[in-house]
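Pasted below: upload-v7.csv, CSV, C-alpha atoms and all ligand atoms.
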```csv
chain,number,residue,atom,x,y,z
A,19,MET,CA,-5.9,26.4,-11.4
A,20,ALA,CA,-9.3,26.6,-9.9
A,21,ARG,CA,-10.4,24.5,-7.1
A,22,PHE,CA,-12.6,21.7,-8.3
A,23,ASN,CA,-16.0,21.5,-6.8
A,24,TRP,CA,-16.3,17.8,-7.4
A,25,LEU,CA,-13.3,16.9,-5.3
A,26,ALA,CA,-15.3,17.9,-2.3
A,27,VAL,CA,-18.3,15.9,-3.2
A,28,ALA,CA,-18.6,13.0,-1.0
A,29,ALA,CA,-17.8,9.8,-2.8
A,30,VAL,CA,-20.6,7.4,-2.4
A,31,ALA,CA,-21.4,5.4,-5.3
A,32,PHE,CA,-19.3,3.0,-7.2
A,33,ALA,CA,-17.9,3.7,-10.6
A,34,GLY,CA,-19.6,2.4,-13.7
A,35,VAL,CA,-17.1,2.2,-16.4
A,36,ALA,CA,-18.0,-1.4,-17.3
A,37,ALA,CA,-19.1,-0.5,-20.8
A,38,ALA,CA,-15.7,0.7,-21.7
A,39,CYS,CA,-13.8,-2.4,-20.6
A,40,SER,CA,-16.2,-5.1,-21.6
A,41,ASP,CA,-14.5,-7.7,-23.7
A,42,GLY,CA,-15.1,-8.5,-27.3
A,43,THR,CA,-15.7,-5.0,-28.4
A,44,GLY,CA,-12.9,-5.0,-30.8
A,45,THR,CA,-9.8,-2.9,-30.8
A,46,LEU,CA,-10.4,-1.0,-27.7
A,47,SER,CA,-11.0,-3.9,-25.4
A,48,GLY,CA,-8.6,-4.7,-22.8
A,49,PRO,CA,-7.5,-3.1,-19.6
A,50,GLY,CA,-4.3,-1.5,-18.8
A,51,ASN,CA,-4.8,2.1,-18.0
A,52,ASN,CA,-3.9,3.9,-14.9
A,53,GLY,CA,-2.2,7.2,-14.5
A,54,GLY,CA,-2.8,7.7,-10.9
A,55,SER,CA,0.9,7.9,-10.5
A,56,GLY,CA,3.2,10.5,-11.7
A,57,SER,CA,2.4,14.1,-12.6
A,58,THR,CA,-0.8,14.6,-10.6
A,59,ALA,CA,-0.3,18.3,-9.9
A,60,GLY,CA,-1.2,18.0,-6.3
A,61,ASN,CA,-4.3,16.0,-6.7
A,62,ASP,CA,-4.6,12.7,-5.0
A,63,PRO,CA,-6.0,10.2,-7.5
A,64,GLY,CA,-7.5,8.4,-4.6
A,65,THR,CA,-9.9,11.3,-4.2
A,66,SER,CA,-10.9,11.4,-7.7
A,67,ALA,CA,-14.5,12.2,-8.6
A,68,ASP,CA,-17.1,9.6,-8.4
A,69,PRO,CA,-17.4,8.6,-12.0
A,70,GLY,CA,-21.0,7.4,-11.7
A,71,THR,CA,-23.4,5.1,-10.3
A,72,SER,CA,-23.2,1.6,-9.5
A,73,THR,CA,-22.0,-1.2,-11.6
A,74,ASP,CA,-21.2,-4.5,-10.1
A,75,PRO,CA,-17.5,-5.1,-10.7
A,76,GLY,CA,-18.3,-8.8,-10.8
A,77,THR,CA,-20.4,-8.5,-13.9
A,78,THR,CA,-17.7,-7.1,-16.0
A,79,THR,CA,-15.3,-9.9,-15.8
A,80,THR,CA,-13.5,-10.5,-19.1
A,81,THR,CA,-11.5,-13.5,-20.1
A,82,THR,CA,-8.6,-14.7,-18.2
A,83,PRO,CA,-5.8,-15.2,-20.7
A,84,GLY,CA,-3.4,-17.8,-19.8
A,85,SER,CA,-6.0,-20.0,-18.0
A,86,ASP,CA,-6.6,-21.9,-21.1
A,87,ALA,CA,-3.3,-23.4,-22.0
A,88,GLY,CA,-4.8,-25.1,-25.0
A,89,THR,CA,-5.8,-22.1,-27.0
A,90,ALA,CA,-3.9,-19.2,-25.5
A,91,VAL,CA,-1.6,-17.7,-28.0
A,92,PRO,CA,1.7,-17.0,-26.4
A,93,ASP,CA,2.8,-13.5,-27.1
A,94,PRO,CA,6.4,-12.9,-27.8
A,95,THR,CA,6.4,-9.4,-26.4
A,96,LEU,CA,5.6,-9.8,-22.8
A,97,PRO,CA,8.4,-11.5,-20.9
A,98,ALA,CA,7.8,-15.0,-19.7
A,99,PRO,CA,9.7,-15.5,-16.4
A,100,PRO,CA,13.3,-16.4,-17.1
A,101,ALA,CA,14.1,-20.2,-17.0
A,102,ALA,CA,16.4,-19.8,-14.0
A,103,GLY,CA,17.6,-17.2,-11.6
A,104,PRO,CA,15.8,-14.1,-10.3
A,105,GLY,CA,12.2,-13.9,-11.3
A,106,SER,CA,12.1,-17.5,-12.5
A,107,THR,CA,9.5,-19.8,-11.0
A,108,THR,CA,12.1,-21.5,-8.9
A,109,ALA,CA,13.6,-18.4,-7.4
A,110,THR,CA,13.0,-18.0,-3.7
A,111,ALA,CA,11.2,-14.7,-4.0
A,112,HIS,CA,9.0,-15.9,-6.8
A,113,ALA,CA,8.1,-19.0,-4.7
A,114,TYR,CA,7.3,-16.8,-1.8
A,115,PHE,CA,5.0,-14.7,-3.9
A,116,VAL,CA,3.2,-17.8,-5.0
A,117,ALA,CA,2.8,-19.3,-1.5
A,118,ASN,CA,2.4,-16.2,0.7
A,119,VAL,CA,1.4,-13.2,-1.3
A,120,TYR,CA,-1.0,-14.3,-4.0
A,121,PRO,CA,-3.4,-16.0,-1.6
A,122,LYS,CA,-3.7,-12.7,0.3
A,123,ILE,CA,-4.5,-10.5,-2.6
A,124,THR,CA,-7.7,-12.2,-3.9
A,125,ALA,CA,-9.6,-9.0,-3.2
A,126,CYS,CA,-7.5,-7.2,-5.8
A,127,GLY,CA,-8.4,-9.8,-8.4
A,128,ALA,CA,-12.0,-8.7,-8.7
A,129,CYS,CA,-10.8,-6.0,-11.0
A,130,HIS,CA,-7.1,-6.7,-11.7
A,131,ASN,CA,-7.5,-10.3,-12.8
A,132,SER,CA,-9.6,-9.3,-15.8
A,133,GLY,CA,-9.3,-5.6,-16.2
A,134,ALA,CA,-12.9,-5.0,-15.0
A,135,ASN,CA,-13.8,-1.4,-14.4
A,136,GLY,CA,-11.0,-0.1,-16.5
A,137,ALA,CA,-8.4,-1.4,-14.0
A,138,PRO,CA,-5.1,-2.4,-15.4
A,139,LYS,CA,-5.0,-6.2,-15.9
A,140,MET,CA,-1.9,-6.9,-13.8
A,141,LEU,CA,-3.0,-10.0,-12.0
A,142,GLY,CA,-4.5,-13.2,-13.3
A,143,ALA,CA,-6.1,-16.6,-12.6
A,144,THR,CA,-2.9,-18.1,-11.4
A,145,ALA,CA,-0.1,-16.9,-9.1
A,146,ASP,CA,2.4,-17.2,-11.9
A,147,GLU,CA,0.4,-15.3,-14.4
A,148,SER,CA,0.0,-12.6,-11.7
A,149,TYR,CA,3.7,-12.5,-11.1
A,150,VAL,CA,4.4,-11.8,-14.8
A,151,GLY,CA,1.6,-9.2,-14.9
A,152,LEU,CA,3.1,-7.3,-12.0
A,153,ASP,CA,6.6,-7.6,-13.4
A,154,THR,CA,5.5,-6.4,-16.8
A,155,ARG,CA,4.0,-3.2,-15.2
A,156,GLY,CA,7.3,-2.6,-13.4
A,157,LEU,CA,5.7,-3.2,-10.0
A,158,ILE,CA,8.3,-5.6,-8.7
A,159,VAL,CA,10.6,-3.0,-7.3
A,160,PRO,CA,11.3,-1.6,-3.8
A,161,ASN,CA,8.6,0.9,-2.7
A,162,SER,CA,6.3,-0.4,-5.4
A,163,LEU,CA,3.1,1.3,-6.1
A,164,PHE,CA,1.6,-2.1,-5.4
A,165,LEU,CA,2.4,-1.5,-1.8
A,166,THR,CA,1.7,2.2,-1.6
A,167,LYS,CA,-1.4,2.5,-3.8
A,168,GLY,CA,-3.8,2.4,-0.9
A,169,VAL,CA,-7.5,2.8,-1.2
A,170,HIS,CA,-8.4,3.9,-4.8
A,171,PHE,CA,-11.0,4.0,-7.4
A,172,ASN,CA,-13.0,6.4,-5.3
A,173,GLY,CA,-13.1,4.1,-2.3
A,174,ALA,CA,-14.4,1.1,-4.3
A,175,ALA,CA,-10.9,-0.5,-4.4
A,176,PRO,CA,-9.4,-1.5,-1.1
A,177,ALA,CA,-5.8,-1.0,0.1
A,178,LEU,CA,-3.8,-4.2,0.8
A,179,SER,CA,-4.9,-5.8,4.1
A,180,SER,CA,-2.3,-5.5,6.8
A,181,GLU,CA,-1.6,-9.2,6.4
A,182,ALA,CA,-1.1,-8.8,2.6
A,183,LEU,CA,1.0,-5.7,3.1
A,184,THR,CA,3.3,-7.5,5.5
A,185,ALA,CA,3.7,-10.4,3.1
A,186,ALA,CA,4.2,-8.2,0.0
A,187,THR,CA,6.7,-6.1,1.8
A,188,ALA,CA,8.7,-9.2,2.8
A,189,TRP,CA,8.4,-10.5,-0.8
A,190,LEU,CA,9.7,-7.3,-2.4
A,191,ALA,CA,12.6,-7.2,0.0
A,192,MET,CA,13.4,-10.8,-1.2
A,193,GLU,CA,13.2,-9.7,-4.8
A,194,VAL,CA,15.6,-6.9,-4.1
A,195,LYS,CA,18.1,-9.5,-2.8
A,196,ASP,CA,17.3,-12.0,-5.6
A,197,ARG,CA,17.7,-9.4,-8.3
A,198,ALA,CA,20.7,-7.5,-6.9
A,199,GLY,CA,23.1,-6.9,-9.6
A,200,THR,CA,20.5,-7.6,-12.3
A,201,PRO,CA,19.2,-4.6,-14.1
A,202,ALA,CA,15.6,-3.9,-13.1
A,203,ALA,CA,13.2,-5.2,-15.6
A,204,ALA,CA,12.0,-2.1,-17.3
A,205,SER,CA,8.2,-1.9,-17.6
A,206,VAL,CA,6.8,-2.1,-21.1
A,207,PHE,CA,5.7,1.5,-20.6
A,208,SER,CA,9.2,2.7,-20.2
A,209,LYS,CA,10.4,0.8,-23.2
A,210,ILE,CA,7.7,1.5,-25.8
A,211,GLY,CA,8.3,5.2,-26.0
A,212,GLY,CA,10.8,4.7,-28.8
A,213,CYS,CA,8.0,3.2,-30.8
A,214,PHE,CA,5.8,6.3,-30.8
A,215,THR,CA,6.2,8.8,-33.6
A,216,GLN,CA,5.3,12.4,-33.6
A,217,THR,CA,3.7,12.0,-37.0
A,218,ASP,CA,1.2,9.5,-35.6
A,219,TYR,CA,0.7,11.5,-32.5
A,220,GLU,CA,-0.3,14.7,-34.5
A,221,ALA,CA,-3.6,13.0,-35.4
A,222,VAL,CA,-4.3,12.2,-31.8
A,223,ARG,CA,-3.3,15.6,-30.6
A,224,THR,CA,-5.4,17.5,-33.1
A,225,ALA,CA,-8.4,15.2,-32.5
A,226,ILE,CA,-8.2,15.7,-28.7
A,227,ASP,CA,-7.7,19.4,-29.2
A,228,ALA,CA,-11.1,19.6,-30.8
A,229,VAL,CA,-13.0,17.9,-28.0
A,230,ARG,CA,-15.0,20.1,-25.6
A,231,THR,CA,-16.7,19.2,-22.4
A,232,THR,CA,-20.5,19.0,-22.4
A,233,ARG,CA,-22.5,20.5,-19.6
A,234,ARG,CA,-24.7,18.0,-17.7
A,235,THR,CA,-28.3,18.6,-16.8
A,236,GLY,CA,-28.1,20.2,-13.4
A,237,GLU,CA,-24.7,21.9,-13.9
A,238,ASN,CA,-24.8,25.6,-13.8
A,239,PRO,CA,-22.4,26.9,-16.5
A,240,ASN,CA,-21.6,30.0,-14.4
A,241,THR,CA,-20.4,28.1,-11.4
A,242,CYS,CA,-19.1,24.8,-12.8
A,243,THR,CA,-15.4,24.4,-13.4
A,244,GLY,CA,-14.7,23.5,-16.9
A,245,CYS,CA,-18.0,21.7,-17.5
A,246,ASN,CA,-19.3,23.9,-20.3
A,247,ASN,CA,-17.7,23.6,-23.7
A,248,THR,CA,-14.2,23.6,-22.3
A,249,PRO,CA,-11.2,22.2,-24.0
A,250,CYS,CA,-9.4,19.4,-22.2
A,251,ARG,CA,-6.1,21.4,-22.3
A,252,ASP,CA,-7.6,23.9,-19.8
A,253,CYS,CA,-6.9,21.3,-17.1
A,254,HIS,CA,-4.5,18.8,-18.8
A,255,ALA,CA,-2.0,21.0,-20.7
A,256,GLN,CA,1.0,19.7,-18.8
A,257,SER,CA,0.0,16.1,-18.1
A,258,GLU,CA,-1.9,17.0,-15.0
A,259,TYR,CA,-3.6,13.9,-13.5
A,260,GLY,CA,-1.7,11.7,-15.8
A,261,PHE,CA,-3.3,12.8,-19.0
A,262,LEU,CA,-1.9,15.2,-21.6
A,263,ALA,CA,-4.0,17.4,-23.8
A,264,ASN,CA,-1.2,19.6,-24.7
A,265,ASN,CA,-1.1,23.3,-25.3
A,266,GLN,CA,0.8,24.1,-28.4
A,267,VAL,CA,1.7,27.5,-27.1
A,268,LEU,CA,3.5,26.5,-23.9
A,269,GLN,CA,4.7,23.2,-25.1
A,270,PRO,CA,4.9,22.8,-28.9
A,271,SER,CA,4.6,19.1,-29.7
A,272,ALA,CA,7.6,19.4,-32.1
A,273,THR,CA,9.9,20.3,-29.2
A,274,TYR,CA,8.4,18.2,-26.5
A,275,PHE,CA,7.2,15.0,-28.2
A,276,SER,CA,10.4,13.0,-27.6
A,277,GLN,CA,10.2,13.9,-23.9
A,278,TRP,CA,6.5,12.9,-23.6
A,279,ALA,CA,7.1,9.7,-25.5
A,280,MET,CA,9.4,8.4,-22.8
A,281,ASN,CA,6.9,9.3,-20.0
A,282,GLU,CA,5.1,6.3,-18.5
A,283,ASP,CA,1.9,8.1,-17.9
A,284,PHE,CA,1.9,9.1,-21.6
A,285,ALA,CA,2.5,5.5,-22.6
A,286,LYS,CA,-0.3,4.3,-20.3
A,287,THR,CA,-2.7,6.7,-22.0
A,288,PHE,CA,-2.3,4.8,-25.2
A,289,ILE,CA,-1.0,1.3,-24.4
A,290,GLY,CA,-2.6,-1.3,-22.2
A,291,THR,CA,-1.8,-4.8,-21.3
A,292,ASN,CA,-4.2,-7.6,-21.6
A,293,GLY,CA,-2.5,-10.4,-19.8
A,294,THR,CA,-0.5,-11.7,-22.7
A,295,THR,CA,-0.6,-9.0,-25.3
A,296,LEU,CA,-0.3,-5.3,-25.7
A,297,VAL,CA,-3.5,-3.6,-26.6
A,298,PRO,CA,-4.7,0.0,-27.1
A,299,SER,CA,-5.3,1.4,-23.6
A,300,PRO,CA,-9.0,1.9,-22.6
A,301,LYS,CA,-8.0,4.9,-20.5
A,302,LEU,CA,-9.8,7.6,-22.5
A,303,PRO,CA,-12.8,5.5,-23.6
A,304,ALA,CA,-13.1,4.4,-19.9
A,305,LYS,CA,-13.0,7.9,-18.7
A,306,ALA,CA,-15.6,9.0,-21.3
A,307,ALA,CA,-17.9,6.1,-20.2
A,308,ALA,CA,-17.4,7.0,-16.5
A,309,VAL,CA,-18.2,10.7,-16.9
A,310,ALA,CA,-21.3,9.9,-19.0
A,311,THR,CA,-23.0,8.7,-15.9
A,312,GLY,CA,-21.1,11.0,-13.5
A,313,LYS,CA,-22.9,13.3,-11.1
A,314,ALA,CA,-23.3,17.0,-11.7
A,315,TYR,CA,-20.0,18.7,-11.0
A,316,SER,CA,-17.9,15.6,-11.0
A,317,HIS,CA,-15.2,15.4,-13.7
A,318,PRO,CA,-16.6,17.3,-16.7
A,319,MET,CA,-18.6,15.1,-19.1
A,320,PHE,CA,-17.3,14.5,-22.6
A,321,THR,CA,-17.7,12.2,-25.5
A,322,LEU,CA,-15.0,11.0,-27.8
A,323,PRO,CA,-15.7,11.5,-31.5
A,324,ALA,CA,-14.6,8.9,-33.9
A,325,THR,CA,-11.7,11.1,-35.0
A,326,VAL,CA,-10.3,10.6,-31.5
A,327,THR,CA,-11.0,6.9,-31.1
A,328,THR,CA,-9.6,6.1,-34.6
A,329,ALA,CA,-6.5,8.2,-34.0
A,330,LEU,CA,-6.0,6.5,-30.6
A,331,THR,CA,-6.2,3.0,-32.1
A,332,THR,CA,-3.9,3.8,-35.0
A,333,PHE,CA,-1.3,5.4,-32.7
A,334,ALA,CA,-1.4,2.5,-30.3
A,335,ASN,CA,-1.4,-0.3,-32.9
A,336,ASN,CA,1.4,1.3,-34.9
A,337,ALA,CA,3.6,1.4,-31.8
A,338,ILE,CA,2.6,-2.1,-30.7
A,339,THR,CA,3.4,-3.5,-34.1
A,340,LYS,CA,6.9,-2.0,-34.0
A,341,TYR,CA,7.4,-3.0,-30.4
A,342,ASN,CA,6.5,-6.6,-31.3
A,343,ALA,CA,8.9,-6.5,-34.2
A,344,LYS,CA,11.5,-5.0,-31.9
A,345,THR,CA,12.3,-2.3,-34.3
A,346,CYS,CA,12.4,0.6,-32.0
A,347,GLY,CA,15.5,0.2,-30.0
A,348,GLN,CA,14.0,-1.6,-27.0
B,1,LIG,C1,-11.9,21.5,-15.1
B,1,LIG,C2,-10.8,20.7,-15.3
B,1,LIG,C3,-10.8,19.6,-16.2
B,1,LIG,C4,-11.2,19.5,-17.5
B,1,LIG,C5,-11.8,20.7,-18.3
B,1,LIG,C6,-10.9,18.2,-18.0
B,1,LIG,N1,-10.4,17.4,-17.0
B,1,LIG,FE1,-9.8,15.5,-17.1
B,1,LIG,N2,-9.3,15.5,-15.1
B,1,LIG,C7,-9.4,16.6,-14.3
B,1,LIG,C8,-9.1,16.1,-12.9
B,1,LIG,C9,-9.1,17.0,-11.7
B,1,LIG,C10,-8.8,14.8,-13.0
B,1,LIG,C11,-8.4,13.8,-11.8
B,1,LIG,C12,-9.6,13.5,-11.0
B,1,LIG,C13,-10.6,12.6,-11.8
B,1,LIG,O1,-10.2,11.6,-12.4
B,1,LIG,O2,-11.8,13.0,-11.9
B,1,LIG,C14,-8.9,14.4,-14.4
B,1,LIG,C15,-8.7,13.1,-14.9
B,1,LIG,C16,-8.8,12.8,-16.2
B,1,LIG,C17,-8.5,11.5,-16.7
B,1,LIG,C18,-8.0,10.3,-15.9
B,1,LIG,C19,-6.5,10.3,-15.9
B,1,LIG,C20,-5.9,9.0,-15.3
B,1,LIG,O3,-4.7,8.8,-15.5
B,1,LIG,O4,-6.7,8.2,-14.7
B,1,LIG,C21,-8.7,11.5,-18.1
B,1,LIG,C22,-8.5,10.4,-19.0
B,1,LIG,C23,-9.2,12.8,-18.4
B,1,LIG,N3,-9.2,13.6,-17.2
B,1,LIG,C24,-9.6,13.2,-19.6
B,1,LIG,C25,-10.1,14.5,-19.9
B,1,LIG,C26,-10.6,14.8,-21.2
B,1,LIG,C27,-10.5,14.0,-22.5
B,1,LIG,C28,-11.0,16.1,-21.1
B,1,LIG,C29,-11.6,17.0,-22.2
B,1,LIG,C30,-12.8,16.5,-22.8
B,1,LIG,C31,-10.9,16.5,-19.7
B,1,LIG,N4,-10.3,15.5,-19.0
B,1,LIG,C32,-11.2,17.8,-19.2
B,1,LIG,C33,-9.8,17.8,-14.6
B,1,LIG,C34,-10.3,18.2,-15.9
B,2,LIG,C1,-13.1,-2.3,-7.8
B,2,LIG,C2,-12.0,-2.5,-8.7
B,2,LIG,C3,-10.6,-2.6,-8.1
B,2,LIG,C4,-10.2,-3.4,-7.1
B,2,LIG,C5,-10.9,-4.4,-6.3
B,2,LIG,C6,-8.7,-3.1,-6.9
B,2,LIG,N1,-8.4,-2.1,-7.8
B,2,LIG,FE1,-6.5,-1.4,-8.1
B,2,LIG,N2,-7.1,-0.2,-9.7
B,2,LIG,C7,-8.4,-0.1,-10.1
B,2,LIG,C8,-8.5,0.9,-11.1
B,2,LIG,C9,-9.8,1.3,-11.9
B,2,LIG,C10,-7.2,1.3,-11.4
B,2,LIG,C11,-6.8,2.4,-12.4
B,2,LIG,C12,-7.1,3.8,-11.9
B,2,LIG,C13,-6.2,4.1,-10.7
B,2,LIG,O1,-4.9,4.0,-10.8
B,2,LIG,O2,-6.7,4.5,-9.6
B,2,LIG,C14,-6.4,0.6,-10.4
B,2,LIG,C15,-5.0,0.8,-10.3
B,2,LIG,C16,-4.2,0.1,-9.5
B,2,LIG,C17,-2.8,0.3,-9.4
B,2,LIG,C18,-1.9,1.1,-10.4
B,2,LIG,C19,-1.3,0.2,-11.4
B,2,LIG,C20,-0.3,0.8,-12.3
B,2,LIG,O3,0.5,0.1,-13.0
B,2,LIG,O4,-0.2,2.1,-12.5
B,2,LIG,C21,-2.3,-0.5,-8.4
B,2,LIG,C22,-0.9,-0.7,-7.9
B,2,LIG,C23,-3.5,-1.1,-7.8
B,2,LIG,N3,-4.6,-0.7,-8.5
B,2,LIG,C24,-3.4,-2.0,-6.7
B,2,LIG,C25,-4.5,-2.7,-6.2
B,2,LIG,C26,-4.4,-3.6,-5.1
B,2,LIG,C27,-3.2,-3.9,-4.3
B,2,LIG,C28,-5.7,-4.1,-4.9
B,2,LIG,C29,-6.2,-5.0,-3.8
B,2,LIG,C30,-5.8,-4.7,-2.5
B,2,LIG,C31,-6.6,-3.4,-5.9
B,2,LIG,N4,-5.8,-2.6,-6.6
B,2,LIG,C32,-7.9,-3.7,-6.0
B,2,LIG,C33,-9.5,-0.9,-9.6
B,2,LIG,C34,-9.5,-1.8,-8.6
```
Can you turn what I pasted into structure tokens?
Ligand code: HEC
Ligand code: HEC
Amino acid sequence: MARFNWLAVAAVAFAGVAAACSDGTGTLSGPGNNGGSGSTAGNDPGTSADPGTSTDPGTTTTTTPGSDAGTAVPDPTLPAPPAAGPGSTTATAHAYFVANVYPKITACGACHNSGANGAPKMLGATADESYVGLDTRGLIVPNSLFLTKGVHFNGAAPALSSEALTAATAWLAMEVKDRAGTPAAASVFSKIGGCFTQTDYEAVRTAIDAVRTTRRTGENPNTCTGCNNTPCRDCHAQSEYGFLANNQVLQPSATYFSQWAMNEDFAKTFIGTNGTTLVPSPKLPAKAAAVATGKAYSHPMFTLPATVTTALTTFANNAITKYNAKTCGQ
């Protein structure tokens, strides 16, 4: 694959994906994307292109589910901490998180408490809510991505401070001891795969297949990489950078779908978490919003037609309904 010009472009400004993750916009609200992990084909997600110009992360705060005990609707799908034993609020490691880790990660809350800027909502207004959020995303494990993520979001998101890193490392070591012998809580993304169907996916696949990148003002079609009327599959045919726009020739969906469905990056493309509920992931709409204001030669610009957004919503909601009803073998 070609070298991408924009990876060399100095990252200066802060990303503006606020529009895509603002609350109250209906079915696509809610955070929960990511994809920096996994099949990144040699690209460091931390170096990803500057998606645009400034938006203050503080202005995009959404609701903080769980902070209002009176009206919050408890969702049966995301696990509450067990009443006793590992993970429970009385477990040593859990208590350590509450007392020593949570107070040191407030900087992360700017985006991760609410899902601002398209960040996965994996923390919350309280330590306990944050604990559940991290657990749900499968981050309470040794060598967690929570420890190793480092600076991300084009430099706008910090790494853990050394204090926080020390505390979090100690905490996760305690969790390992606490949870020894207990099967690791599988993240929702590793469990929901059985709820996806190829029939539903076909609508997503064909809709994405029809999308083309749009050349920005200032981009030279002869020298840009993929900016001019290029299908997404040119760069994402095999889940590169955590997004799959598959190529039916190399990987026919009929053969590969069951494999994709069990892949966490695939699940994160479609499913997000919103504190207490599963929601359609904002990943693609957030990327579309980010590239709309991106600089020339950053990630190619594209817009998502209604065929795509409708298919994404249907695909996600069908899977979520089945997951909530526990009818797909989880
Ligand atoms: C010229 C190659 C190229 C083309 C064409 C391209 N992409 Fe990308 N895409 C990348 C690269 C490189 C990254 C990782 C860096 C970044 O995020 O900018 C990426 C990242 C992404 C991500 C973020 C994945 C994650 O997990 O955070 C999404 C979503 C995405 N692309 C969607 C699309 C869509 C939709 C299209 C077609 C309209 C498309 N891309 C076309 C190269 C490309
Ligand atoms: C300015 C917003 C912002 C801040 C502040 C921020 N993040 Fe993030 N974070 C993001 C975005 C956007 C993503 C999704 C894209 C990506 O993975 O890079 C993300 C993704 C992550 C992920 C991947 C989650 C998963 O399940 O795949 C981890 C882990 C993470 N952040 C940790 C942290 C930690 C630790 C801090 C604090 C030290 C922090 N973040 C602060 C925006 C932010």
Worksheet item: With all atoms listed in the file as the atoms that count, which of A:Ala185, A:Ala279, A:Val222, A:Ala314 lies nearest to A:Thr331?
Response: A:Val222
Worksheet item: Given a cut-off of 6 Å, what residues near ligand LIG 2 (chain B) show up using all atoms listed in the file, put as a ChimeraX atom specification?
Response: /A:51-54,75,123,125-126,128-129,135-138,155,163-164,167,170-171,174-178
Worksheet item: From the set A:Thr241, A:Ser257, A:Thr332, A:Thr321, which residue has the shortest atom-to-atom contact distance to A:Ala221, counting all atoms listed in the file?
Response: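 Answer, going by the shortest atom-to-atom distance: A:Thr332.
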Worksheet item: Just how far from atom CA of A:Gln277 is atom CA of A:Pro303, in Å to one decimal?
Response: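 If I compute the distance from atom CA of A:Pro303 to atom CA of A:Gln277, I get 24.5 Å.
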Item to complete: Could you check which of A:Val159, A:Leu165, A:Ala182, A:Leu141 is closest to A:Lys122, using only C-alpha atoms?
Response: A:Ala182
Discussion item. Measuring between all atoms listed in the file, which one of A:Gln256, A:Thr345, A:Thr325, A:Thr231 shows the shortest distance to ligand LIG 1 (chain B)?
Written reply: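 Distance minimum relative to ligand LIG 1 (chain B) lands on A:Thr231.
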Discussion item. One decimal, in Å: what's the spacing between atom C34 of ligand LIG 1 (chain B) and atom CA of A:Val169?
Written reply: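 Rounded to one decimal, the two atoms are 21.5 Å apart.
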Worksheet item: Using all atoms listed in the file, which of A:Met280, A:Leu268, A:Leu183, A:Ala188 sits nearest A:Ala255?
Response: A:Leu268
Worksheet item: At what distance in Å, to one decimal, does atom O1 of ligand LIG 1 (chain B) lie from atom CA of A:Lys139?
Response: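 One can read the atom CA of A:Lys139 to atom O1 of ligand LIG 1 (chain B) distance as 18.9 Å.
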Worksheet item: Which is closest to ligand LIG 1 (chain B) among A:Asp218, A:Asp146, A:Glu282, A:Glu258, if we use all atoms listed in the file?
Response: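 Using all atoms listed in the file, the shortest distance to ligand LIG 1 (chain B) belongs to A:Glu258.
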Worksheet entry | Neighbour list for A:Ser271 as a PyMOL selection string, cut-off 10 Å, all atoms listed in the file, skip fewer than 4 positions in-chain | chain A and resi 216+219-220+223+264-267+275-278
Worksheet item: Excluding same-chain residues fewer than 5 positions from stretch 338-340 of chain A, what lies within 7 Å of it counting only C-alpha atoms, as a PyMOL selection string?
Response: chain A and resi 213+296+345-346
Contacts of A:His112 at 12 Å or less, counting only C-alpha atoms, minus same-chain residues fewer than 3 places along, as an mmCIF file with C-alpha atoms, keeping the file's coordinate frame?
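Final output, saved to result.cif:
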```
data_model
loop_
_atom_site.group_PDB
_atom_site.id
_atom_site.type_symbol
_atom_site.label_atom_id
_atom_site.label_comp_id
_atom_site.auth_asym_id
_atom_site.auth_seq_id
_atom_site.Cartn_x
_atom_site.Cartn_y
_atom_site.Cartn_z
ATOM 1 C CA PRO A 99 9.700 -15.500 -16.400
ATOM 2 C CA PRO A 100 13.300 -16.400 -17.100
ATOM 3 C CA ALA A 102 16.400 -19.800 -14.000
ATOM 4 C CA GLY A 103 17.600 -17.200 -11.600
ATOM 5 C CA PRO A 104 15.800 -14.100 -10.300
ATOM 6 C CA GLY A 105 12.200 -13.900 -11.300
ATOM 7 C CA SER A 106 12.100 -17.500 -12.500
ATOM 8 C CA THR A 107 9.500 -19.800 -11.000
ATOM 9 C CA THR A 108 12.100 -21.500 -8.900
ATOM 10 C CA ALA A 109 13.600 -18.400 -7.400
ATOM 11 C CA PHE A 115 5.000 -14.700 -3.900
ATOM 12 C CA VAL A 116 3.200 -17.800 -5.000
ATOM 13 C CA ALA A 117 2.800 -19.300 -1.500
ATOM 14 C CA ASN A 118 2.400 -16.200 0.700
ATOM 15 C CA VAL A 119 1.400 -13.200 -1.300
ATOM 16 C CA TYR A 120 -1.000 -14.300 -4.000
ATOM 17 C CA ALA A 145 -0.100 -16.900 -9.100
ATOM 18 C CA ASP A 146 2.400 -17.200 -11.900
ATOM 19 C CA GLU A 147 0.400 -15.300 -14.400
ATOM 20 C CA SER A 148 0.000 -12.600 -11.700
ATOM 21 C CA TYR A 149 3.700 -12.500 -11.100
ATOM 22 C CA VAL A 150 4.400 -11.800 -14.800
ATOM 23 C CA LEU A 152 3.100 -7.300 -12.000
ATOM 24 C CA ASP A 153 6.600 -7.600 -13.400
ATOM 25 C CA ILE A 158 8.300 -5.600 -8.700
ATOM 26 C CA ALA A 186 4.200 -8.200 0.000
ATOM 27 C CA ALA A 188 8.700 -9.200 2.800
ATOM 28 C CA TRP A 189 8.400 -10.500 -0.800
ATOM 29 C CA LEU A 190 9.700 -7.300 -2.400
ATOM 30 C CA ALA A 191 12.600 -7.200 0.000
ATOM 31 C CA MET A 192 13.400 -10.800 -1.200
ATOM 32 C CA GLU A 193 13.200 -9.700 -4.800
ATOM 33 C CA VAL A 194 15.600 -6.900 -4.100
ATOM 34 C CA LYS A 195 18.100 -9.500 -2.800
ATOM 35 C CA ASP A 196 17.300 -12.000 -5.600
ATOM 36 C CA ARG A 197 17.700 -9.400 -8.300
#
```
